[in-house]
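Student: Starting off with a structure, shown below.
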Amino acid sequence: MKLKRQYFDVKDVIFSDKTQYKDGVLSINEEELLEKIRPLMKSVTDVDFELVKPGESARIVHVLDTIQPMYKVEGIGKQYSGFFGHPNVVGEGITNLLRGFTVMESAPLPWDESSASSGLLYPRDAIIDMIGPIAGFTPFSQTINLVITYKLLEGKSSAEYDNDIRLCGLKVSEILAELTVGQVPNEVEEFSISNINPELPNVVLVWQCQNQGVYSNTYLYAHDISNLVPTLLHPNEMLDGCIVSGNYVWPAFKVPTYLHVNHPILLELYRLHNKELNFRGVILSRSHNPTNWHKERSANFCVKLAKYLGADGLIMAWEGGGNAAVDGMLTIQAAEKNGIKASTITFEFGGVDGTEGILLVDDVPEADAIISGGSIEKPYTLPKVERVVGGEVLRLNKESGGYFPPANKSITFDTTTHFYCSGNQSGHGKLFAEAY
């Protein structure tokens with residue numbers, strides 16, 4: 001299975017009377033774009049499009065998913081397979097990507113009980129700052145973002161909002177990426193794991209995604225993974241969009257679709273393939289399994305597939321918080337007991353200075369190669385910004401009745417929970433530590 005990615009750099013994006021991509025500039029006719037997605041807006045009354053660029057004194061709030069615009073020009077199936085057609089297996093052929101540009105969704109999803117967003121699984125406000133102390137927590141402070149802000153039709157279900165918002169975002173990303181067809185890319189990259197070096201160790205990535213219901217799901221070929229048995233994927237399937245995010249409940253830990261498609265660990269394994277290791281594949285599993293028995297079952301299935309691939313090493317990475325950590329640790333334990341070396345990346349707790357209380361939700365003796373993705377319990381003060389996209393107020397603390405401070409003002413948070421991707425464990429982060 002070979003996939004060629006053609007990258008088209010986006011140097012600037014402007015609103016114009018004509019939608020086109022030319023000389024690195026993406027021009028967008030808003031009315032034309034709106035008309036093309038209007039048939040999908042069954043629970044949405046209207047959308048607005050706003051551009052947010054690196055270096056702006058800007059804050060984006062109520063952030064949901066972020067999508068990599070891409071368009072499949074050769075090979076079976078479509079990008080983000082299954083959403084607008086047959087769920088064909090993808091990962092071969094040629095796919096065009098708009099590089100340095102995202103399509104981002106923003107909406108204040110309902111908090112009322114009828115929306116099925118009660119308990120821990122309600123959509124928390126997700127915040128991106130383009131400058132200031134938290135900008136580095138997300139890769140999207142460095143991209144040009146087309147933010148789609150949605151106005152919702154009252155009385156619809158959570159599932160309806162969720163579906164329509166996703167389809168609109170995916171369709172916009174397709175429409176814009178298709179503009180590259182027939183043009184000369186800035187860079188071409190080919191991905192294949194067919195050739196292996198028998199002298200090098202075999203390594204697999206176990207990618208464990210959240211799935212707990214509407215607003216906290218992950219989609220594999222357009223179907224949620226609630227009943228997924230750990231499944232083998234070719235890494236090219238992920239690069240072509242076989243996984244799409246529907247997770248809005250914990251902004252820090254969520255993995256947006258953009259990072260499934262541009263998974264940093266997966267891309268690093270590709271860079272090392274045939275040089276330091278043989279990248280043998282991705283094992284996709286569901287995190288947040290309901291009982292310890294189900295978690296053990298999932299862990300053993302993951303390791304069974306790793307053994308089948310002849311793995312010497314296993315990288316365990318997961319989406320989510322405490323519940324997911326148990327799934328991940330049991331997988332590490334099962335791998336080590338079967339002679340497969342395992343490592344992981346995870347956020348940690350530890351209070352303000354990193355030494356208080358328990359650092360990890362769960363651990364096993366076999367987990368002796370852990371990489372810290374940073375603490376989520378450090379306080380940060382967000383500065384006042386000149387511009388806010390997505391809403392005039394923040395939506396915080398639903399558990400205590402709600403707190404709605406002005407979105408453009410300075411505010412201090414005790415943890416990084418509301419900062420988009422700040423505890424994300426896909427390896428995108430730039431935090432580092434040195435020991436002396």
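Each chain in the structure tokens gets a letter, A, B, ..., in the order shown, and its residues are numbered from 1; ligands are numbered from 1 in order too.
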Run DSSP on the backbone and grab whatever in range 18-64 of chain A lands in alpha helix (DSSP H); send it over as a list in words.
Tutor: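 After running DSSP on the backbone, range 18-64 of chain A has alpha helix (DSSP H) at Glu30, Glu31, Glu32, Leu33, Leu34, Glu35, Lys36 and Ile37 of chain A.
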Student: For the residues in the current selection, export N, CA, C and O atoms as a PDB file, in the first residue's frame.
Tutor:
ATOM      1  N   GLU A  30     -17.536  33.668   0.506  1.00  0.00           N
ATOM      2  CA  GLU A  30     -18.312  33.143   1.632  1.00  0.00           C
ATOM      3  C   GLU A  30     -19.711  32.700   1.212  1.00  0.00           C
ATOM      4  O   GLU A  30     -20.199  31.640   1.642  1.00  0.00           O
ATOM      5  N   GLU A  31     -20.393  33.504   0.401  1.00  0.00           N
ATOM      6  CA  GLU A  31     -21.756  33.166  -0.014  1.00  0.00           C
ATOM      7  C   GLU A  31     -21.789  31.894  -0.849  1.00  0.00           C
ATOM      8  O   GLU A  31     -22.672  31.045  -0.691  1.00  0.00           O
ATOM      9  N   GLU A  32     -20.812  31.746  -1.710  1.00  0.00           N
ATOM     10  CA  GLU A  32     -20.731  30.555  -2.543  1.00  0.00           C
ATOM     11  C   GLU A  32     -20.503  29.311  -1.695  1.00  0.00           C
ATOM     12  O   GLU A  32     -21.123  28.267  -1.905  1.00  0.00           O
ATOM     13  N   LEU A  33     -19.637  29.434  -0.699  1.00  0.00           N
ATOM     14  CA  LEU A  33     -19.346  28.317   0.200  1.00  0.00           C
ATOM     15  C   LEU A  33     -20.575  27.952   1.025  1.00  0.00           C
ATOM     16  O   LEU A  33     -20.901  26.774   1.204  1.00  0.00           O
ATOM     17  N   LEU A  34     -21.272  28.964   1.522  1.00  0.00           N
ATOM     18  CA  LEU A  34     -22.473  28.729   2.320  1.00  0.00           C
ATOM     19  C   LEU A  34     -23.545  28.000   1.514  1.00  0.00           C
ATOM     20  O   LEU A  34     -24.193  27.073   2.020  1.00  0.00           O
ATOM     21  N   GLU A  35     -23.727  28.384   0.267  1.00  0.00           N
ATOM     22  CA  GLU A  35     -24.746  27.740  -0.555  1.00  0.00           C
ATOM     23  C   GLU A  35     -24.434  26.263  -0.795  1.00  0.00           C
ATOM     24  O   GLU A  35     -25.336  25.430  -0.893  1.00  0.00           O
ATOM     25  N   LYS A  36     -23.159  25.937  -0.880  1.00  0.00           N
ATOM     26  CA  LYS A  36     -22.770  24.548  -1.141  1.00  0.00           C
ATOM     27  C   LYS A  36     -23.004  23.642   0.071  1.00  0.00           C
ATOM     28  O   LYS A  36     -23.207  22.437  -0.093  1.00  0.00           O
ATOM     29  N   ILE A  37     -22.973  24.207   1.282  1.00  0.00           N
ATOM     30  CA  ILE A  37     -23.174  23.367   2.472  1.00  0.00           C
ATOM     31  C   ILE A  37     -24.589  23.495   3.044  1.00  0.00           C
ATOM     32  O   ILE A  37     -24.948  22.753   3.957  1.00  0.00           O
TER      33      ILE A  37
END
Student: Write out as a ChimeraX atom specification the residues lying within 7 Å of Leu277 in chain A, counting only C-alpha atoms and excluding same-chain residues fewer than 2 positions away.
Tutor: /A:200-203,272-275,279
Student: Could you please write out, as JSON, numbers by chain, every residue of range 38-87 of chain A that DSSP assigns to strand (DSSP E)?
Tutor: {"A": [44, 45, 46, 47, 48, 49, 50, 51, 52, 58, 59, 60, 63, 64, 65, 66, 67, 70, 71, 72, 73, 74]}
Student: Write a file of the just-selected residues containing N, CA, C and O atoms, as a JSON list (two decimals), in the first residue's frame.
Tutor:
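Written out: out27.json:
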[["chain", "number", "residue", "atom", "x", "y", "z"],
["A", 44, "VAL", "N", -28.97, 23.43, 11.81],
["A", 44, "VAL", "CA", -28.19, 24.66, 11.88],
["A", 44, "VAL", "C", -28.92, 25.74, 11.10],
["A", 44, "VAL", "O", -29.29, 25.53, 9.94],
["A", 45, "THR", "N", -29.17, 26.87, 11.72],
["A", 45, "THR", "CA", -29.89, 27.94, 11.04],
["A", 45, "THR", "C", -28.99, 28.79, 10.17],
["A", 45, "THR", "O", -29.42, 29.31, 9.13],
["A", 46, "ASP", "N", -27.74, 28.94, 10.57],
["A", 46, "ASP", "CA", -26.83, 29.79, 9.81],
["A", 46, "ASP", "C", -25.40, 29.50, 10.25],
["A", 46, "ASP", "O", -25.16, 28.95, 11.33],
["A", 47, "VAL", "N", -24.45, 29.86, 9.39],
["A", 47, "VAL", "CA", -23.04, 29.80, 9.75],
["A", 47, "VAL", "C", -22.35, 31.09, 9.33],
["A", 47, "VAL", "O", -22.79, 31.76, 8.40],
["A", 48, "ASP", "N", -21.32, 31.42, 10.04],
["A", 48, "ASP", "CA", -20.44, 32.52, 9.65],
["A", 48, "ASP", "C", -19.04, 31.96, 9.46],
["A", 48, "ASP", "O", -18.66, 30.96, 10.08],
["A", 49, "PHE", "N", -18.26, 32.61, 8.62],
["A", 49, "PHE", "CA", -16.87, 32.22, 8.39],
["A", 49, "PHE", "C", -15.97, 33.35, 8.86],
["A", 49, "PHE", "O", -16.17, 34.51, 8.50],
["A", 50, "GLU", "N", -14.98, 33.00, 9.65],
["A", 50, "GLU", "CA", -14.01, 34.00, 10.12],
["A", 50, "GLU", "C", -12.61, 33.44, 9.95],
["A", 50, "GLU", "O", -12.37, 32.24, 10.16],
["A", 51, "LEU", "N", -11.67, 34.31, 9.60],
["A", 51, "LEU", "CA", -10.27, 33.93, 9.45],
["A", 51, "LEU", "C", -9.48, 34.37, 10.67],
["A", 51, "LEU", "O", -9.60, 35.51, 11.12],
["A", 52, "VAL", "N", -8.69, 33.46, 11.19],
["A", 52, "VAL", "CA", -7.81, 33.76, 12.32],
["A", 52, "VAL", "C", -6.40, 33.33, 11.93],
["A", 52, "VAL", "O", -6.18, 32.17, 11.54],
["A", 58, "ALA", "N", -5.78, 37.34, 19.14],
["A", 58, "ALA", "CA", -7.10, 36.75, 18.94],
["A", 58, "ALA", "C", -7.26, 35.50, 19.80],
["A", 58, "ALA", "O", -6.30, 34.78, 20.08],
["A", 59, "ARG", "N", -8.50, 35.27, 20.19],
["A", 59, "ARG", "CA", -8.88, 34.09, 20.98],
["A", 59, "ARG", "C", -10.06, 33.41, 20.28],
["A", 59, "ARG", "O", -11.01, 34.07, 19.85],
["A", 60, "ILE", "N", -9.98, 32.10, 20.12],
["A", 60, "ILE", "CA", -11.08, 31.33, 19.55],
["A", 60, "ILE", "C", -11.71, 30.52, 20.68],
["A", 60, "ILE", "O", -11.00, 29.83, 21.42],
["A", 63, "VAL", "N", -14.42, 25.89, 20.70],
["A", 63, "VAL", "CA", -13.82, 25.14, 19.59],
["A", 63, "VAL", "C", -14.24, 23.67, 19.68],
["A", 63, "VAL", "O", -14.17, 23.05, 20.75],
["A", 64, "LEU", "N", -14.65, 23.12, 18.55],
["A", 64, "LEU", "CA", -15.03, 21.71, 18.46],
["A", 64, "LEU", "C", -13.94, 20.96, 17.70],
["A", 64, "LEU", "O", -12.86, 20.78, 18.22],
["A", 65, "ASP", "N", -14.19, 20.54, 16.48],
["A", 65, "ASP", "CA", -13.17, 19.82, 15.73],
["A", 65, "ASP", "C", -12.35, 20.76, 14.87],
["A", 65, "ASP", "O", -12.79, 21.87, 14.54],
["A", 66, "THR", "N", -11.15, 20.31, 14.50],
["A", 66, "THR", "CA", -10.30, 21.02, 13.56],
["A", 66, "THR", "C", -9.89, 20.01, 12.49],
["A", 66, "THR", "O", -9.44, 18.91, 12.80],
["A", 67, "ILE", "N", -10.05, 20.39, 11.22],
["A", 67, "ILE", "CA", -9.94, 19.46, 10.10],
["A", 67, "ILE", "C", -8.81, 19.87, 9.16],
["A", 67, "ILE", "O", -8.63, 21.05, 8.87],
["A", 70, "MET", "N", -8.17, 18.29, 2.68],
["A", 70, "MET", "CA", -7.46, 17.45, 1.72],
["A", 70, "MET", "C", -8.46, 16.88, 0.72],
["A", 70, "MET", "O", -9.66, 16.82, 0.99],
["A", 71, "TYR", "N", -7.91, 16.46, -0.42],
["A", 71, "TYR", "CA", -8.77, 15.96, -1.50],
["A", 71, "TYR", "C", -8.05, 14.83, -2.21],
["A", 71, "TYR", "O", -6.92, 14.98, -2.67],
["A", 72, "LYS", "N", -8.72, 13.69, -2.31],
["A", 72, "LYS", "CA", -8.12, 12.52, -2.93],
["A", 72, "LYS", "C", -8.27, 12.62, -4.44],
["A", 72, "LYS", "O", -9.39, 12.66, -4.96],
["A", 73, "VAL", "N", -7.16, 12.63, -5.17],
["A", 73, "VAL", "CA", -7.20, 12.81, -6.62],
["A", 73, "VAL", "C", -6.94, 11.51, -7.38],
["A", 73, "VAL", "O", -7.21, 11.44, -8.58],
["A", 74, "GLU", "N", -6.43, 10.49, -6.69],
["A", 74, "GLU", "CA", -6.17, 9.21, -7.35],
["A", 74, "GLU", "C", -6.23, 8.10, -6.32],
["A", 74, "GLU", "O", -5.75, 8.25, -5.20]]
Student: Please identify all polymer residues within 6 Å of Val261 in chain A, counting only C-alpha atoms, omitting same-chain residues fewer than 6 positions from it, and present them as a list in words.
Tutor: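 So the residues in contact are Met238, Leu239 and Gly241 of chain A.
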Student: Would you mind exporting the chosen residues as a compact mmCIF listing (two decimals), in the first residue's frame, restricted to all heavy atoms?
Tutor:
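Produced file again.txt, reproduced below:
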# COMPACT_ATOMS: atom_id res chain seq x y z
N MET A 238 -4.87 6.15 8.14
CA MET A 238 -5.01 7.32 8.99
C MET A 238 -4.63 8.59 8.25
O MET A 238 -5.28 9.63 8.38
CB MET A 238 -4.18 7.16 10.26
CG MET A 238 -4.77 6.19 11.26
SD MET A 238 -3.82 6.04 12.80
CE MET A 238 -3.85 7.73 13.42
N LEU A 239 -3.56 8.52 7.45
CA LEU A 239 -3.13 9.69 6.70
C LEU A 239 -4.19 10.15 5.70
O LEU A 239 -4.24 11.32 5.33
CB LEU A 239 -1.82 9.39 5.97
CG LEU A 239 -0.59 9.10 6.83
CD1 LEU A 239 0.61 8.78 5.95
CD2 LEU A 239 -0.27 10.25 7.77
N GLY A 241 -7.45 9.85 6.34
CA GLY A 241 -8.66 10.32 7.03
C GLY A 241 -9.65 9.25 7.43
O GLY A 241 -10.84 9.53 7.55
Student: Which residue, A:Phe15, A:Phe83, A:Trp250, A:Phe419, has the smallest gap to Tyr215 in chain A when you use only C-alpha atoms?
Tutor: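 Smallest separation from Tyr215 in chain A among the options: A:Trp250.
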Student: Would you kindly return, as a PDB file with N, CA, C and O atoms, in the first residue's frame, each protein, DNA or RNA residue with an atom no farther than 12 Å from any atom of Asp312 in chain A, considering only C-alpha atoms and excluding same-chain residues fewer than 5 positions away?
Tutor:
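File written: part-v9.pdb
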ATOM      1  N   PRO A 198      15.497  -6.615   7.963  1.00  0.00           N
ATOM      2  CA  PRO A 198      15.441  -7.647   8.999  1.00  0.00           C
ATOM      3  C   PRO A 198      16.409  -7.421  10.149  1.00  0.00           C
ATOM      4  O   PRO A 198      16.285  -8.072  11.197  1.00  0.00           O
ATOM      5  N   GLU A 199      17.348  -6.514   9.969  1.00  0.00           N
ATOM      6  CA  GLU A 199      18.307  -6.223  11.039  1.00  0.00           C
ATOM      7  C   GLU A 199      17.754  -5.218  12.058  1.00  0.00           C
ATOM      8  O   GLU A 199      18.344  -5.027  13.123  1.00  0.00           O
ATOM      9  N   LEU A 200      16.624  -4.588  11.741  1.00  0.00           N
ATOM     10  CA  LEU A 200      16.070  -3.550  12.604  1.00  0.00           C
ATOM     11  C   LEU A 200      14.881  -4.077  13.406  1.00  0.00           C
ATOM     12  O   LEU A 200      14.197  -5.004  12.975  1.00  0.00           O
ATOM     13  N   PRO A 201      14.597  -3.465  14.580  1.00  0.00           N
ATOM     14  CA  PRO A 201      13.444  -3.904  15.379  1.00  0.00           C
ATOM     15  C   PRO A 201      12.122  -3.505  14.743  1.00  0.00           C
ATOM     16  O   PRO A 201      12.022  -2.461  14.092  1.00  0.00           O
ATOM     17  N   ASN A 202      11.110  -4.333  14.936  1.00  0.00           N
ATOM     18  CA  ASN A 202       9.760  -4.040  14.452  1.00  0.00           C
ATOM     19  C   ASN A 202       8.974  -3.306  15.530  1.00  0.00           C
ATOM     20  O   ASN A 202       8.951  -3.737  16.682  1.00  0.00           O
ATOM     21  N   VAL A 203       8.330  -2.196  15.149  1.00  0.00           N
ATOM     22  CA  VAL A 203       7.611  -1.359  16.110  1.00  0.00           C
ATOM     23  C   VAL A 203       6.190  -1.113  15.607  1.00  0.00           C
ATOM     24  O   VAL A 203       5.972  -0.872  14.411  1.00  0.00           O
ATOM     25  N   VAL A 204       5.227  -1.172  16.524  1.00  0.00           N
ATOM     26  CA  VAL A 204       3.836  -0.852  16.195  1.00  0.00           C
ATOM     27  C   VAL A 204       3.367   0.301  17.080  1.00  0.00           C
ATOM     28  O   VAL A 204       3.898   0.524  18.175  1.00  0.00           O
ATOM     29  N   LEU A 205       2.382   1.033  16.586  1.00  0.00           N
ATOM     30  CA  LEU A 205       1.718   2.081  17.362  1.00  0.00           C
ATOM     31  C   LEU A 205       0.338   1.585  17.757  1.00  0.00           C
ATOM     32  O   LEU A 205      -0.451   1.179  16.896  1.00  0.00           O
ATOM     33  N   LEU A 277      14.186   1.578  12.614  1.00  0.00           N
ATOM     34  CA  LEU A 277      13.172   0.594  12.967  1.00  0.00           C
ATOM     35  C   LEU A 277      12.342   0.259  11.742  1.00  0.00           C
ATOM     36  O   LEU A 277      12.423   0.934  10.706  1.00  0.00           O
ATOM     37  N   ASN A 278      11.567  -0.806  11.859  1.00  0.00           N
ATOM     38  CA  ASN A 278      10.561  -1.143  10.857  1.00  0.00           C
ATOM     39  C   ASN A 278       9.189  -0.814  11.437  1.00  0.00           C
ATOM     40  O   ASN A 278       8.784  -1.391  12.449  1.00  0.00           O
ATOM     41  N   PHE A 279       8.498   0.130  10.827  1.00  0.00           N
ATOM     42  CA  PHE A 279       7.158   0.507  11.270  1.00  0.00           C
ATOM     43  C   PHE A 279       6.196  -0.515  10.680  1.00  0.00           C
ATOM     44  O   PHE A 279       6.007  -0.588   9.463  1.00  0.00           O
ATOM     45  N   ARG A 280       5.538  -1.296  11.543  1.00  0.00           N
ATOM     46  CA  ARG A 280       4.751  -2.421  11.062  1.00  0.00           C
ATOM     47  C   ARG A 280       3.255  -2.159  11.021  1.00  0.00           C
ATOM     48  O   ARG A 280       2.504  -2.976  10.483  1.00  0.00           O
ATOM     49  N   VAL A 303      -2.178  -6.736  22.036  1.00  0.00           N
ATOM     50  CA  VAL A 303      -0.881  -7.417  22.075  1.00  0.00           C
ATOM     51  C   VAL A 303      -0.883  -8.641  21.156  1.00  0.00           C
ATOM     52  O   VAL A 303       0.131  -8.967  20.537  1.00  0.00           O
ATOM     53  N   ALA A 306      -0.044  -7.254  17.886  1.00  0.00           N
ATOM     54  CA  ALA A 306       1.362  -6.849  17.863  1.00  0.00           C
ATOM     55  C   ALA A 306       2.281  -8.062  17.686  1.00  0.00           C
ATOM     56  O   ALA A 306       3.259  -8.014  16.928  1.00  0.00           O
ATOM     57  N   LYS A 307       1.972  -9.138  18.380  1.00  0.00           N
ATOM     58  CA  LYS A 307       2.763 -10.371  18.240  1.00  0.00           C
ATOM     59  C   LYS A 307       2.648 -10.920  16.821  1.00  0.00           C
ATOM     60  O   LYS A 307       3.621 -11.392  16.242  1.00  0.00           O
ATOM     61  N   ALA A 335       1.917  -6.172  26.956  1.00  0.00           N
ATOM     62  CA  ALA A 335       3.001  -6.200  25.975  1.00  0.00           C
ATOM     63  C   ALA A 335       4.304  -6.666  26.615  1.00  0.00           C
ATOM     64  O   ALA A 335       4.988  -7.558  26.096  1.00  0.00           O
ATOM     65  N   GLU A 336       4.659  -6.085  27.754  1.00  0.00           N
ATOM     66  CA  GLU A 336       5.914  -6.434  28.426  1.00  0.00           C
ATOM     67  C   GLU A 336       5.925  -7.899  28.858  1.00  0.00           C
ATOM     68  O   GLU A 336       6.953  -8.578  28.773  1.00  0.00           O
ATOM     69  N   ASN A 338       4.615 -10.238  27.361  1.00  0.00           N
ATOM     70  CA  ASN A 338       4.771 -11.046  26.151  1.00  0.00           C
ATOM     71  C   ASN A 338       6.074 -10.749  25.415  1.00  0.00           C
ATOM     72  O   ASN A 338       6.217 -11.083  24.242  1.00  0.00           O
ATOM     73  N   GLY A 339       6.990 -10.101  26.101  1.00  0.00           N
ATOM     74  CA  GLY A 339       8.310  -9.866  25.544  1.00  0.00           C
ATOM     75  C   GLY A 339       8.408  -8.712  24.574  1.00  0.00           C
ATOM     76  O   GLY A 339       9.391  -8.604  23.828  1.00  0.00           O
ATOM     77  N   ILE A 340       7.420  -7.824  24.571  1.00  0.00           N
ATOM     78  CA  ILE A 340       7.437  -6.653  23.692  1.00  0.00           C
ATOM     79  C   ILE A 340       7.692  -5.407  24.537  1.00  0.00           C
ATOM     80  O   ILE A 340       6.941  -5.114  25.464  1.00  0.00           O
ATOM     81  N   LYS A 341       8.745  -4.699  24.238  1.00  0.00           N
ATOM     82  CA  LYS A 341       9.066  -3.474  24.972  1.00  0.00           C
ATOM     83  C   LYS A 341       8.032  -2.391  24.647  1.00  0.00           C
ATOM     84  O   LYS A 341       7.686  -2.200  23.480  1.00  0.00           O
ATOM     85  N   ALA A 342       7.576  -1.686  25.669  1.00  0.00           N
ATOM     86  CA  ALA A 342       6.508  -0.699  25.471  1.00  0.00           C
ATOM     87  C   ALA A 342       6.884   0.643  26.076  1.00  0.00           C
ATOM     88  O   ALA A 342       7.530   0.719  27.130  1.00  0.00           O
ATOM     89  N   SER A 343       6.464   1.706  25.406  1.00  0.00           N
ATOM     90  CA  SER A 343       6.674   3.071  25.885  1.00  0.00           C
ATOM     91  C   SER A 343       5.400   3.864  25.659  1.00  0.00           C
ATOM     92  O   SER A 343       4.539   3.466  24.869  1.00  0.00           O
TER      93      SER A 343
END
Student: Using only C-alpha atoms, determine which residues lie at most 8 Å from Asp17 in chain A, disregarding the query and same-chain residues fewer than 2 positions distant; provide the list as a CSV table (one decimal) with N, CA and C atoms, in the first residue's frame.
Tutor:
chain,number,residue,atom,x,y,z
A,15,PHE,N,-11.0,36.7,2.0
A,15,PHE,CA,-12.3,36.6,1.5
A,15,PHE,C,-12.4,37.4,0.2
A,19,THR,N,-13.7,32.1,-5.4
A,19,THR,CA,-13.0,31.0,-4.6
A,19,THR,C,-12.0,30.4,-5.5
A,28,ILE,N,-11.6,33.0,-0.8
A,28,ILE,CA,-12.9,32.3,-0.5
A,28,ILE,C,-14.0,33.3,-0.7
A,29,ASN,N,-15.0,32.8,-1.5
A,29,ASN,CA,-16.3,33.5,-1.6
A,29,ASN,C,-17.2,32.9,-0.5
Student: So the first atom is CA of Glu187 in chain A and the second is CA of Leu3 in chain A; what is the distance between them in Å, to one decimal place?
Tutor: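 Separating CA of Glu187 in chain A from CA of Leu3 in chain A is a distance of 13.9 Å.
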Student: So which residues touch range 131-144 of chain A within 8 Å, counting only C-alpha atoms, skipping near sequence neighbours fewer than 6 positions away, as a ChimeraX atom specification?
Tutor: /A:12-13,51-58,100-102,380-383,419-422,428-430
Student: Grab the residues selected above and save them as a PDB file, in the first residue's frame with C-alpha atoms.
Tutor:
ATOM      1  CA  ASP A  12      -2.438  33.660   3.044  1.00  0.00           C
ATOM      2  CA  VAL A  13      -6.226  33.380   3.006  1.00  0.00           C
ATOM      3  CA  LEU A  51     -10.275  33.930   9.455  1.00  0.00           C
ATOM      4  CA  VAL A  52      -7.812  33.758  12.321  1.00  0.00           C
ATOM      5  CA  LYS A  53      -4.107  34.009  11.554  1.00  0.00           C
ATOM      6  CA  PRO A  54      -0.847  33.430  13.473  1.00  0.00           C
ATOM      7  CA  GLY A  55       0.370  36.386  15.497  1.00  0.00           C
ATOM      8  CA  GLU A  56      -3.074  37.962  15.884  1.00  0.00           C
ATOM      9  CA  SER A  57      -4.207  39.161  19.282  1.00  0.00           C
ATOM     10  CA  ALA A  58      -7.096  36.748  18.945  1.00  0.00           C
ATOM     11  CA  GLY A 100      -0.600  25.498   7.004  1.00  0.00           C
ATOM     12  CA  PHE A 101      -4.377  25.899   6.875  1.00  0.00           C
ATOM     13  CA  THR A 102      -7.268  24.349   8.810  1.00  0.00           C
ATOM     14  CA  TYR A 380      -2.127  30.180  33.655  1.00  0.00           C
ATOM     15  CA  THR A 381      -3.381  33.729  33.200  1.00  0.00           C
ATOM     16  CA  LEU A 382      -4.740  34.482  29.765  1.00  0.00           C
ATOM     17  CA  PRO A 383      -4.171  38.093  28.679  1.00  0.00           C
ATOM     18  CA  PHE A 419      -6.930  24.843  26.668  1.00  0.00           C
ATOM     19  CA  TYR A 420      -7.361  23.072  23.340  1.00  0.00           C
ATOM     20  CA  CYS A 421      -4.911  20.123  23.003  1.00  0.00           C
ATOM     21  CA  SER A 422      -2.898  21.083  26.092  1.00  0.00           C
ATOM     22  CA  HIS A 428       2.285  17.262  18.995  1.00  0.00           C
ATOM     23  CA  GLY A 429       3.482  19.214  22.068  1.00  0.00           C
ATOM     24  CA  LYS A 430       6.600  21.344  22.313  1.00  0.00           C
TER      25      LYS A 430
END
Student: Which residues, written as a VMD selection string, have at least one atom at most 12 Å from range 356-367 of chain A, with only C-alpha atoms counted and residues fewer than 2 positions away on the same chain left out?
Tutor: chain A and resid 314 to 316 320 to 354 369 to 378
Student: Between A:Lys22, A:His288, A:Lys409, A:His223, which has the minimum distance to Glu392 in chain A (counting only C-alpha atoms)?
Tutor: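 Looking only at the distances to Glu392 in chain A, the closest residue turns out to be A:Lys409.
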